[in-house]
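Visitor: Would you mind keeping the following structure in view while I ask a few things?
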Amino acid sequence: MTSSRVLVLNSGSSSVKYQLLDMSDGSRLAMGLVERIGEETSRLKHTPAGGASREWNGSIADHDAALKAVAEELSRDGLGLDSPELAAIGHRVVHGGKHFTEPTVIDDAVLAEIERLIPVAPLHNPANLTGIRTAQALRPDLPQVAVFDTAFHTTMPESAARYAIDVETADEHRIRRYGFHGTSHAYVSRATAELLGKSPEEVNVIVLHLGNGASASAVRGGRCVDTSMGLTPLEGLVMGTRSGDMDPAVIFHLMRVGGMSADEIDTLLNKKSGLIGLCGDNDMREIRRRIDEGDESAQLAFDIYIHRLKKYIGAYYAVLGRVDAVAFTAGVGENASPVREAAVAGLEELGLVVDGELNAVRSDEPRLISPEHARVAVAVVPTDEELEIATQTYALVKGSENLT
Ligand code: ADP
């Protein structure tokens, strides 16, 4: 029997999101999530393809119990993890540092390196490691692959990747710009080239991944040359709850004058800033609804969000020199037509124009929203990080099978 299924696991500190895909045609067989792991009120929601969702509420003590519960749900649909059809498990790993430039089959050395990177990804890498170890215990015989959020950005030149700080200090603490959302930027930049009927090598694309977290990237001929997130996902665009760029001296000021601790400032900038800090809401739907009712703080939050976005479009235009397409993706980018319209408004001289009617169309398909014959294509390209993780995992596993 040919094994063509890949289980994709995205393990957070208290949650596991999963999808089971059949890579013979890229179809989704099941998906779901376990949240609030370790609490009394854990929840598992499982949705088989073409079937109704099932929900389970109760206490799930740890990742091990969570994955066993997921395995049971999959078994009920005849998709058990013991099936010989399962080819591999692909893990989203947030931080791969400079070292991991490609998806990688996980062995002890890889685990050790992911562990070594914990100081630069204290929230994410420990959770990713727990997910990997749990999955390994469940299916020790199966290849497990790490797909890193940072990998696509490892092609950035040093001029973009380094901060202008003392080199010795930077190197000692591995301080540099790593970038995140790489799986999405890779997928969307490729899909944008496809939409234009070109190969990735032929086109320069600015990708705007606007979800709750948000990042921009400049992709030249399929290779990332700059991205807006840095050492951590805090840098860059205004996000749902993160500030993005600001004068780093704000932090010393808050410490010296505001009497705040490093942890308090970390929480302030990552969880209580961005849109939610500016107006109390981080959901763009709610912000648009309030703007329609004349709410001034929602309007100001929107304006600050757009101003930053526009600055990055301009910056990456300059970095690339020639831009073939600007692609909007993720929750806000795919759904919020007013964001897309406002982000390129006034950029006609750069060849960037959005057609109002095309922009208003709602669809799950990649599509152009710029007028025909526009100098720069403006596109909406839905991202699919799970499919990309599964594709990379499967290619790696099948490639190595063919070599042996
Ligand atoms: P993440 O993966 O970072 O959690 P998503 O890519 O799922 O985020 O994006 C979530 C965000 O997308 C929501 O917070 C909301 O602001 C926005 N969003 C989702 N649907 C819509 C919509 N129909 N219109 C406007 N914004 C939307």
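Naming scheme: A, B, ... for chains in displayed order of the structure tokens; residues 1 onward per chain; ligands 1 onward as shown.
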Set the distance at 9 Å and use only C-alpha atoms: which residues neighbour A:Ala390 once local chain neighbours fewer than 6 positions away are removed? I'd like the list as JSON, numbers by chain.
Guide: {"A": [5, 6, 7, 8, 20, 21, 22, 23, 26, 88, 89, 90, 91]}
Visitor: Write to file, as a JSON list (two decimals), in the first residue's frame, the residues of the selection just made, with N, CA and C atoms.
Guide:
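Heads up, here's the output in result-v7.json:
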[["chain", "number", "residue", "atom", "x", "y", "z"],
["A", 5, "ARG", "N", -0.53, 9.70, 3.40],
["A", 5, "ARG", "CA", -1.12, 10.63, 4.35],
["A", 5, "ARG", "C", -0.04, 11.31, 5.19],
["A", 6, "VAL", "N", -0.28, 12.61, 5.48],
["A", 6, "VAL", "CA", 0.62, 13.34, 6.36],
["A", 6, "VAL", "C", -0.22, 14.00, 7.46],
["A", 7, "LEU", "N", 0.19, 13.80, 8.70],
["A", 7, "LEU", "CA", -0.46, 14.50, 9.81],
["A", 7, "LEU", "C", 0.37, 15.75, 10.11],
["A", 8, "VAL", "N", -0.28, 16.91, 10.10],
["A", 8, "VAL", "CA", 0.41, 18.16, 10.41],
["A", 8, "VAL", "C", 0.03, 18.57, 11.83],
["A", 20, "LEU", "N", -5.05, 16.25, 8.97],
["A", 20, "LEU", "CA", -4.58, 15.05, 8.28],
["A", 20, "LEU", "C", -4.87, 15.25, 6.80],
["A", 21, "LEU", "N", -3.80, 15.19, 5.99],
["A", 21, "LEU", "CA", -3.97, 15.43, 4.56],
["A", 21, "LEU", "C", -3.57, 14.20, 3.76],
["A", 22, "ASP", "N", -4.23, 14.03, 2.63],
["A", 22, "ASP", "CA", -3.85, 12.98, 1.69],
["A", 22, "ASP", "C", -3.07, 13.63, 0.56],
["A", 23, "MET", "N", -1.76, 13.33, 0.50],
["A", 23, "MET", "CA", -0.92, 14.06, -0.44],
["A", 23, "MET", "C", -1.01, 13.51, -1.87],
["A", 26, "GLY", "N", -3.73, 16.21, -2.22],
["A", 26, "GLY", "CA", -3.72, 17.42, -1.36],
["A", 26, "GLY", "C", -5.01, 17.62, -0.58],
["A", 88, "ALA", "N", 4.08, 10.24, 7.27],
["A", 88, "ALA", "CA", 4.95, 11.07, 8.12],
["A", 88, "ALA", "C", 4.11, 12.01, 8.96],
["A", 89, "ILE", "N", 4.76, 12.58, 9.96],
["A", 89, "ILE", "CA", 4.13, 13.66, 10.72],
["A", 89, "ILE", "C", 4.98, 14.91, 10.50],
["A", 90, "GLY", "N", 4.32, 15.99, 10.11],
["A", 90, "GLY", "CA", 5.01, 17.26, 9.88],
["A", 90, "GLY", "C", 4.71, 18.21, 11.02],
["A", 91, "HIS", "N", 5.75, 18.76, 11.63],
["A", 91, "HIS", "CA", 5.56, 19.66, 12.78],
["A", 91, "HIS", "C", 5.90, 21.09, 12.39]]
Visitor: Applying 6 Å and only C-alpha atoms, which residues near stretch 378-382 of chain A remain after dropping the ones on its own chain fewer than 2 positions away? List them as an MDAnalysis selection string.
Guide: chainID A and resid 325:329 334 366:370
Visitor: List the neighbours of stretch 275-288 of chain A out to 12 Å using only C-alpha atoms; skip same-chain residues closer than 2 positions along the sequence, and give me the result as a ChimeraX atom specification.
Guide: /A:210-214,237-244,267-273,290-306,331-339
Visitor: Could you work out how far atom CA of A:Tyr312 lies from atom CA of A:Pro200, giving the answer in Å with one decimal?
Guide: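 Atom CA of A:Tyr312 lies at a distance of 21.5 Å from atom CA of A:Pro200.
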Visitor: As an mmCIF file with all heavy atoms, in the first residue's frame, please: the residues near stretch 313-317 of chain A (cut-off 10 Å, only C-alpha atoms, same-chain neighbours under 3 positions excluded).
Guide:
data_model
loop_
_atom_site.group_PDB
_atom_site.id
_atom_site.type_symbol
_atom_site.label_atom_id
_atom_site.label_comp_id
_atom_site.auth_asym_id
_atom_site.auth_seq_id
_atom_site.Cartn_x
_atom_site.Cartn_y
_atom_site.Cartn_z
ATOM 1 N N ASN A 204 9.047 39.338 -8.788
ATOM 2 C CA ASN A 204 9.316 39.965 -7.491
ATOM 3 C C ASN A 204 7.973 40.273 -6.831
ATOM 4 O O ASN A 204 7.113 40.908 -7.449
ATOM 5 C CB ASN A 204 10.083 41.273 -7.671
ATOM 6 C CG ASN A 204 11.491 41.042 -8.200
ATOM 7 O OD1 ASN A 204 11.971 39.902 -8.243
ATOM 8 N ND2 ASN A 204 12.151 42.108 -8.599
ATOM 9 N N VAL A 205 7.819 39.805 -5.608
ATOM 10 C CA VAL A 205 6.509 39.919 -4.946
ATOM 11 C C VAL A 205 6.667 40.515 -3.546
ATOM 12 O O VAL A 205 7.596 40.163 -2.810
ATOM 13 C CB VAL A 205 5.843 38.522 -4.811
ATOM 14 C CG1 VAL A 205 4.425 38.646 -4.273
ATOM 15 C CG2 VAL A 205 5.820 37.779 -6.145
ATOM 16 N N ILE A 206 5.759 41.412 -3.201
ATOM 17 C CA ILE A 206 5.630 41.849 -1.802
ATOM 18 C C ILE A 206 4.455 41.082 -1.221
ATOM 19 O O ILE A 206 3.337 41.171 -1.734
ATOM 20 C CB ILE A 206 5.372 43.374 -1.701
ATOM 21 C CG1 ILE A 206 6.555 44.161 -2.263
ATOM 22 C CG2 ILE A 206 5.101 43.770 -0.237
ATOM 23 C CD1 ILE A 206 6.321 45.675 -2.349
ATOM 24 N N VAL A 207 4.723 40.270 -0.190
ATOM 25 C CA VAL A 207 3.648 39.486 0.441
ATOM 26 C C VAL A 207 3.251 40.171 1.755
ATOM 27 O O VAL A 207 4.113 40.477 2.585
ATOM 28 C CB VAL A 207 4.098 38.035 0.734
ATOM 29 C CG1 VAL A 207 2.980 37.257 1.429
ATOM 30 C CG2 VAL A 207 4.501 37.327 -0.555
ATOM 31 N N LEU A 208 1.959 40.410 1.917
ATOM 32 C CA LEU A 208 1.445 41.027 3.144
ATOM 33 C C LEU A 208 0.589 39.990 3.861
ATOM 34 O O LEU A 208 -0.548 39.732 3.459
ATOM 35 C CB LEU A 208 0.632 42.282 2.796
ATOM 36 C CG LEU A 208 1.408 43.331 1.983
ATOM 37 C CD1 LEU A 208 0.475 44.413 1.469
ATOM 38 C CD2 LEU A 208 2.547 43.935 2.803
ATOM 39 N N ALA A 216 5.221 41.428 6.641
ATOM 40 C CA ALA A 216 5.403 41.667 5.216
ATOM 41 C C ALA A 216 6.720 41.037 4.798
ATOM 42 O O ALA A 216 7.627 40.888 5.620
ATOM 43 C CB ALA A 216 5.443 43.175 4.954
ATOM 44 N N SER A 217 6.814 40.641 3.531
ATOM 45 C CA SER A 217 8.117 40.192 3.037
ATOM 46 C C SER A 217 8.336 40.653 1.613
ATOM 47 O O SER A 217 7.386 40.878 0.867
ATOM 48 C CB SER A 217 8.253 38.667 3.126
ATOM 49 O OG SER A 217 7.394 38.045 2.211
ATOM 50 N N ALA A 218 9.613 40.825 1.288
ATOM 51 C CA ALA A 218 10.020 41.166 -0.072
ATOM 52 C C ALA A 218 10.676 39.926 -0.653
ATOM 53 O O ALA A 218 11.661 39.425 -0.091
ATOM 54 C CB ALA A 218 11.003 42.330 -0.038
ATOM 55 N N VAL A 219 10.095 39.412 -1.741
ATOM 56 C CA VAL A 219 10.566 38.143 -2.313
ATOM 57 C C VAL A 219 11.037 38.389 -3.751
ATOM 58 O O VAL A 219 10.254 38.774 -4.607
ATOM 59 C CB VAL A 219 9.437 37.083 -2.289
ATOM 60 C CG1 VAL A 219 9.953 35.742 -2.801
ATOM 61 C CG2 VAL A 219 8.865 36.931 -0.881
ATOM 62 N N VAL A 225 14.185 38.408 0.504
ATOM 63 C CA VAL A 225 15.312 39.330 0.697
ATOM 64 C C VAL A 225 15.088 40.287 1.875
ATOM 65 O O VAL A 225 16.013 40.973 2.308
ATOM 66 C CB VAL A 225 15.649 40.131 -0.589
ATOM 67 C CG1 VAL A 225 16.205 39.187 -1.652
ATOM 68 C CG2 VAL A 225 14.441 40.897 -1.123
ATOM 69 N N ASP A 226 13.866 40.356 2.364
ATOM 70 C CA ASP A 226 13.621 41.138 3.587
ATOM 71 C C ASP A 226 12.266 40.745 4.158
ATOM 72 O O ASP A 226 11.369 40.321 3.420
ATOM 73 C CB ASP A 226 13.639 42.650 3.299
ATOM 74 C CG ASP A 226 13.991 43.479 4.539
ATOM 75 O OD1 ASP A 226 14.064 42.910 5.646
ATOM 76 O OD2 ASP A 226 14.204 44.698 4.388
ATOM 77 N N THR A 227 12.132 40.881 5.461
ATOM 78 C CA THR A 227 10.837 40.617 6.091
ATOM 79 C C THR A 227 10.705 41.492 7.328
ATOM 80 O O THR A 227 11.703 41.960 7.874
ATOM 81 C CB THR A 227 10.654 39.115 6.402
ATOM 82 O OG1 THR A 227 9.272 38.877 6.701
ATOM 83 C CG2 THR A 227 11.490 38.674 7.599
ATOM 84 N N SER A 228 9.467 41.723 7.753
ATOM 85 C CA SER A 228 9.250 42.767 8.762
ATOM 86 C C SER A 228 9.395 42.288 10.198
ATOM 87 O O SER A 228 9.643 43.082 11.090
ATOM 88 C CB SER A 228 7.872 43.402 8.567
ATOM 89 O OG SER A 228 6.856 42.430 8.699
ATOM 90 N N ARG A 308 1.336 52.245 8.667
ATOM 91 C CA ARG A 308 2.499 51.354 8.806
ATOM 92 C C ARG A 308 2.597 50.405 7.610
ATOM 93 O O ARG A 308 3.672 50.164 7.067
ATOM 94 C CB ARG A 308 2.386 50.567 10.111
ATOM 95 C CG ARG A 308 3.555 49.649 10.443
ATOM 96 C CD ARG A 308 4.706 50.378 11.083
ATOM 97 N NE ARG A 308 4.292 51.182 12.222
ATOM 98 C CZ ARG A 308 4.117 50.727 13.474
ATOM 99 N NH1 ARG A 308 4.366 49.467 13.754
ATOM 100 N NH2 ARG A 308 3.731 51.531 14.439
ATOM 101 N N LEU A 309 1.443 49.882 7.220
ATOM 102 C CA LEU A 309 1.408 48.941 6.100
ATOM 103 C C LEU A 309 1.931 49.597 4.821
ATOM 104 O O LEU A 309 2.742 49.032 4.082
ATOM 105 C CB LEU A 309 -0.054 48.495 5.915
ATOM 106 C CG LEU A 309 -0.374 47.283 5.083
ATOM 107 C CD1 LEU A 309 0.448 46.078 5.509
ATOM 108 C CD2 LEU A 309 -1.876 46.974 5.196
ATOM 109 N N LYS A 310 1.480 50.824 4.608
ATOM 110 C CA LYS A 310 1.885 51.568 3.415
ATOM 111 C C LYS A 310 3.392 51.832 3.442
ATOM 112 O O LYS A 310 4.068 51.744 2.423
ATOM 113 C CB LYS A 310 1.095 52.879 3.401
ATOM 114 C CG LYS A 310 0.968 53.475 2.042
ATOM 115 C CD LYS A 310 0.044 54.661 2.080
ATOM 116 C CE LYS A 310 -1.334 54.284 1.607
ATOM 117 N NZ LYS A 310 -2.184 55.436 1.365
ATOM 118 N N LEU A 320 13.198 45.999 -3.568
ATOM 119 C CA LEU A 320 13.128 45.112 -4.733
ATOM 120 C C LEU A 320 13.487 45.834 -6.033
ATOM 121 O O LEU A 320 13.941 45.209 -6.992
ATOM 122 C CB LEU A 320 11.718 44.506 -4.854
ATOM 123 C CG LEU A 320 11.344 43.484 -3.774
ATOM 124 C CD1 LEU A 320 9.862 43.149 -3.831
ATOM 125 C CD2 LEU A 320 12.187 42.213 -3.922
ATOM 126 N N GLY A 321 13.236 47.138 -6.087
ATOM 127 C CA GLY A 321 13.514 47.895 -7.316
ATOM 128 C C GLY A 321 12.424 47.741 -8.363
ATOM 129 O O GLY A 321 11.922 48.713 -8.896
ATOM 130 N N ARG A 322 12.047 46.503 -8.620
ATOM 131 C CA ARG A 322 10.919 46.240 -9.541
ATOM 132 C C ARG A 322 9.956 45.300 -8.828
ATOM 133 O O ARG A 322 10.390 44.295 -8.255
ATOM 134 C CB ARG A 322 11.429 45.555 -10.810
ATOM 135 C CG ARG A 322 10.371 45.411 -11.896
ATOM 136 C CD ARG A 322 10.725 44.304 -12.889
ATOM 137 N NE ARG A 322 10.334 42.990 -12.395
ATOM 138 C CZ ARG A 322 11.065 41.880 -12.521
ATOM 139 N NH1 ARG A 322 12.243 41.916 -13.095
ATOM 140 N NH2 ARG A 322 10.632 40.731 -12.042
ATOM 141 N N VAL A 323 8.683 45.654 -8.849
ATOM 142 C CA VAL A 323 7.685 44.810 -8.185
ATOM 143 C C VAL A 323 6.676 44.325 -9.226
ATOM 144 O O VAL A 323 6.120 45.117 -9.980
ATOM 145 C CB VAL A 323 6.943 45.586 -7.063
ATOM 146 C CG1 VAL A 323 5.836 44.736 -6.455
ATOM 147 C CG2 VAL A 323 7.924 46.026 -5.985
ATOM 148 N N ASP A 324 6.474 43.009 -9.275
ATOM 149 C CA ASP A 324 5.475 42.458 -10.203
ATOM 150 C C ASP A 324 4.121 42.302 -9.537
ATOM 151 O O ASP A 324 3.099 42.411 -10.196
ATOM 152 C CB ASP A 324 5.955 41.101 -10.727
ATOM 153 C CG ASP A 324 7.259 41.237 -11.484
ATOM 154 O OD1 ASP A 324 7.243 41.834 -12.571
ATOM 155 O OD2 ASP A 324 8.299 40.797 -10.950
ATOM 156 N N VAL A 326 1.797 42.603 -5.555
ATOM 157 C CA VAL A 326 1.603 42.738 -4.108
ATOM 158 C C VAL A 326 0.489 41.767 -3.752
ATOM 159 O O VAL A 326 -0.592 41.823 -4.350
ATOM 160 C CB VAL A 326 1.209 44.184 -3.723
ATOM 161 C CG1 VAL A 326 0.855 44.269 -2.242
ATOM 162 C CG2 VAL A 326 2.325 45.161 -4.064
ATOM 163 N N ALA A 343 -4.596 50.446 1.817
ATOM 164 C CA ALA A 343 -3.143 50.213 1.828
ATOM 165 C C ALA A 343 -2.480 50.682 0.534
ATOM 166 O O ALA A 343 -1.328 51.116 0.552
ATOM 167 C CB ALA A 343 -2.846 48.731 2.054
ATOM 168 N N VAL A 344 -3.181 50.592 -0.589
ATOM 169 C CA VAL A 344 -2.549 51.007 -1.854
ATOM 170 C C VAL A 344 -3.086 52.345 -2.364
ATOM 171 O O VAL A 344 -2.635 52.831 -3.402
ATOM 172 C CB VAL A 344 -2.668 49.923 -2.957
ATOM 173 C CG1 VAL A 344 -2.039 48.635 -2.520
ATOM 174 C CG2 VAL A 344 -4.100 49.718 -3.372
ATOM 175 N N LEU A 347 -0.997 55.246 -4.309
ATOM 176 C CA LEU A 347 0.265 54.682 -4.812
ATOM 177 C C LEU A 347 0.222 54.443 -6.327
ATOM 178 O O LEU A 347 0.975 53.631 -6.858
ATOM 179 C CB LEU A 347 0.606 53.378 -4.070
ATOM 180 C CG LEU A 347 0.741 53.494 -2.553
ATOM 181 C CD1 LEU A 347 1.158 52.166 -1.934
ATOM 182 C CD2 LEU A 347 1.741 54.583 -2.167
ATOM 183 N N LEU A 350 3.294 54.450 -8.339
ATOM 184 C CA LEU A 350 4.126 53.231 -8.257
ATOM 185 C C LEU A 350 3.524 52.095 -9.077
ATOM 186 O O LEU A 350 4.017 50.971 -9.068
ATOM 187 C CB LEU A 350 4.257 52.781 -6.796
ATOM 188 C CG LEU A 350 4.957 53.732 -5.822
ATOM 189 C CD1 LEU A 350 4.966 53.135 -4.419
ATOM 190 C CD2 LEU A 350 6.389 54.015 -6.269
#
Visitor: Compile the contact shell of A:His95 as an mmCIF file with N, CA, C and O atoms, in the first residue's frame: residues with an atom at most 9 Å away, counting only C-alpha atoms, same-chain residues fewer than 3 positions apart removed.
Guide:
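So selection.cif came out as:
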data_model
loop_
_atom_site.group_PDB
_atom_site.id
_atom_site.type_symbol
_atom_site.label_atom_id
_atom_site.label_comp_id
_atom_site.auth_asym_id
_atom_site.auth_seq_id
_atom_site.Cartn_x
_atom_site.Cartn_y
_atom_site.Cartn_z
ATOM 1 N N PHE A 100 18.586 26.125 10.358
ATOM 2 C CA PHE A 100 17.641 25.327 9.573
ATOM 3 C C PHE A 100 17.090 26.131 8.398
ATOM 4 O O PHE A 100 16.225 26.982 8.557
ATOM 5 N N ILE A 114 16.890 22.568 18.249
ATOM 6 C CA ILE A 114 15.641 23.298 18.520
ATOM 7 C C ILE A 114 15.618 23.729 19.997
ATOM 8 O O ILE A 114 15.191 24.828 20.335
ATOM 9 N N LEU A 117 17.732 26.715 20.764
ATOM 10 C CA LEU A 117 17.153 27.987 20.314
ATOM 11 C C LEU A 117 16.080 28.524 21.270
ATOM 12 O O LEU A 117 15.501 29.579 21.019
ATOM 13 N N ILE A 118 15.823 27.797 22.352
ATOM 14 C CA ILE A 118 14.761 28.234 23.287
ATOM 15 C C ILE A 118 14.976 29.671 23.790
ATOM 16 O O ILE A 118 14.014 30.437 23.857
ATOM 17 N N VAL A 120 15.880 32.269 22.284
ATOM 18 C CA VAL A 120 15.326 33.262 21.346
ATOM 19 C C VAL A 120 13.853 32.999 21.018
ATOM 20 O O VAL A 120 13.217 33.810 20.349
ATOM 21 N N ALA A 121 13.297 31.872 21.455
ATOM 22 C CA ALA A 121 11.869 31.598 21.225
ATOM 23 C C ALA A 121 11.275 30.921 22.452
ATOM 24 O O ALA A 121 10.810 29.790 22.393
ATOM 25 N N HIS A 124 7.560 29.598 22.137
ATOM 26 C CA HIS A 124 7.143 28.672 21.089
ATOM 27 C C HIS A 124 7.921 27.361 21.033
ATOM 28 O O HIS A 124 7.327 26.293 20.955
ATOM 29 N N ASN A 125 9.265 27.449 21.052
ATOM 30 C CA ASN A 125 10.035 26.222 20.827
ATOM 31 C C ASN A 125 9.810 25.131 21.880
ATOM 32 O O ASN A 125 9.733 23.953 21.515
ATOM 33 N N PHE A 148 10.137 24.844 9.567
ATOM 34 C CA PHE A 148 10.418 26.022 10.399
ATOM 35 C C PHE A 148 9.810 27.296 9.826
ATOM 36 O O PHE A 148 9.931 27.565 8.628
ATOM 37 N N ASP A 149 9.218 28.095 10.719
ATOM 38 C CA ASP A 149 8.666 29.402 10.340
ATOM 39 C C ASP A 149 9.726 30.367 9.829
ATOM 40 O O ASP A 149 9.424 31.318 9.123
ATOM 41 N N THR A 150 10.963 30.126 10.263
ATOM 42 C CA THR A 150 12.058 31.033 9.930
ATOM 43 C C THR A 150 12.784 30.649 8.637
ATOM 44 O O THR A 150 13.525 31.460 8.087
ATOM 45 N N ALA A 151 12.575 29.393 8.163
ATOM 46 C CA ALA A 151 13.451 28.854 7.098
ATOM 47 C C ALA A 151 13.431 29.707 5.831
ATOM 48 O O ALA A 151 14.484 29.999 5.252
ATOM 49 N N TYR A 178 15.306 37.228 12.208
ATOM 50 C CA TYR A 178 15.027 35.884 11.695
ATOM 51 C C TYR A 178 13.768 35.867 10.820
ATOM 52 O O TYR A 178 13.728 35.188 9.811
ATOM 53 N N PHE A 180 9.346 35.527 10.654
ATOM 54 C CA PHE A 180 8.418 34.417 10.958
ATOM 55 C C PHE A 180 7.349 34.335 9.862
ATOM 56 O O PHE A 180 7.455 35.055 8.873
#
Visitor: What does the distance between atom CA of A:Gly351 and atom 26 (N, counted along the ligand's line) of ligand 1 come to in Å, to one decimal place?
Guide: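 Atom CA of A:Gly351 sits 25.9 Å away from atom 26 (N, counted along the ligand's line) of ligand 1.
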Visitor: Extract the full set of strand (DSSP E or B) residues from stretch 2-116 of chain A according to DSSP on the backbone, and format it as number ranges by chain.
Guide: A: 5-11, 16-22, 27-35, 42-48, 54-58, 86-93, 104-105
Visitor: Nearest to A:Pro157: which of A:Gly222, A:Val203, A:Arg177, A:Asp384 is it, counting only C-alpha atoms?
Guide: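 Among the listed residues, A:Arg177 lies closest to A:Pro157.
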Visitor: When you look at A:Ala49 with a cut-off of 9 Å (counting only C-alpha atoms), what residues show up, excluding the ones that are within fewer than 5 positions of it in the same chain? I need them as number ranges by chain.
Guide: A: 27-31
Visitor: Residues near stretch 34-37 of chain A, anyone? I mean within 10 Å using only C-alpha atoms, not counting same-chain ones fewer than 3 positions away, as a PyMOL selection string.
Guide: chain A and resi 11-18+40-46+55-67+69-70
Visitor: Save the residues we just selected, C-alpha atoms, as a CSV table (one decimal), in the first residue's frame?
Guide:
chain,number,residue,atom,x,y,z
A,11,SER,CA,1.7,22.5,19.0
A,12,GLY,CA,1.4,25.6,21.2
A,13,SER,CA,2.0,25.8,24.9
A,14,SER,CA,-1.7,24.9,25.8
A,15,SER,CA,-3.1,23.9,22.4
A,16,VAL,CA,-2.5,21.5,19.5
A,17,LYS,CA,-3.9,22.2,16.0
A,18,TYR,CA,-3.9,19.3,13.6
A,40,GLU,CA,-10.1,21.5,33.8
A,41,THR,CA,-11.9,23.0,30.8
A,42,SER,CA,-10.0,21.5,27.9
A,43,ARG,CA,-11.8,21.2,24.6
A,44,LEU,CA,-11.2,19.0,21.6
A,45,LYS,CA,-13.0,19.9,18.4
A,46,HIS,CA,-12.6,17.4,15.5
A,55,GLU,CA,-16.7,18.3,20.4
A,56,TRP,CA,-15.3,16.9,23.6
A,57,ASN,CA,-15.1,18.9,26.8
A,58,GLY,CA,-13.3,17.9,30.0
A,59,SER,CA,-9.8,17.8,31.4
A,60,ILE,CA,-6.9,16.9,29.1
A,61,ALA,CA,-3.8,16.9,31.4
A,62,ASP,CA,-0.9,17.3,28.9
A,63,HIS,CA,0.2,17.1,25.3
A,64,ASP,CA,0.5,13.3,25.6
A,65,ALA,CA,-3.2,13.0,26.6
A,66,ALA,CA,-4.1,15.5,23.9
A,67,LEU,CA,-2.5,13.6,21.1
A,69,ALA,CA,-7.4,11.9,22.3
A,70,VAL,CA,-6.7,13.2,18.7
Visitor: Which is closest to ligand 1 among A:Arg54, A:Arg375, A:Arg362, A:Arg162, if we use only C-alpha atoms and all ligand atoms?
Guide: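 Comparing A:Arg54, A:Arg375, A:Arg362, A:Arg162 against ligand 1, the winner is A:Arg362.
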Visitor: Would you please work out which residue, of A:Glu115, A:Leu387, A:Glu39, A:Cys224, is nearest to A:Glu201 when using only C-alpha atoms?
Guide: A:Cys224
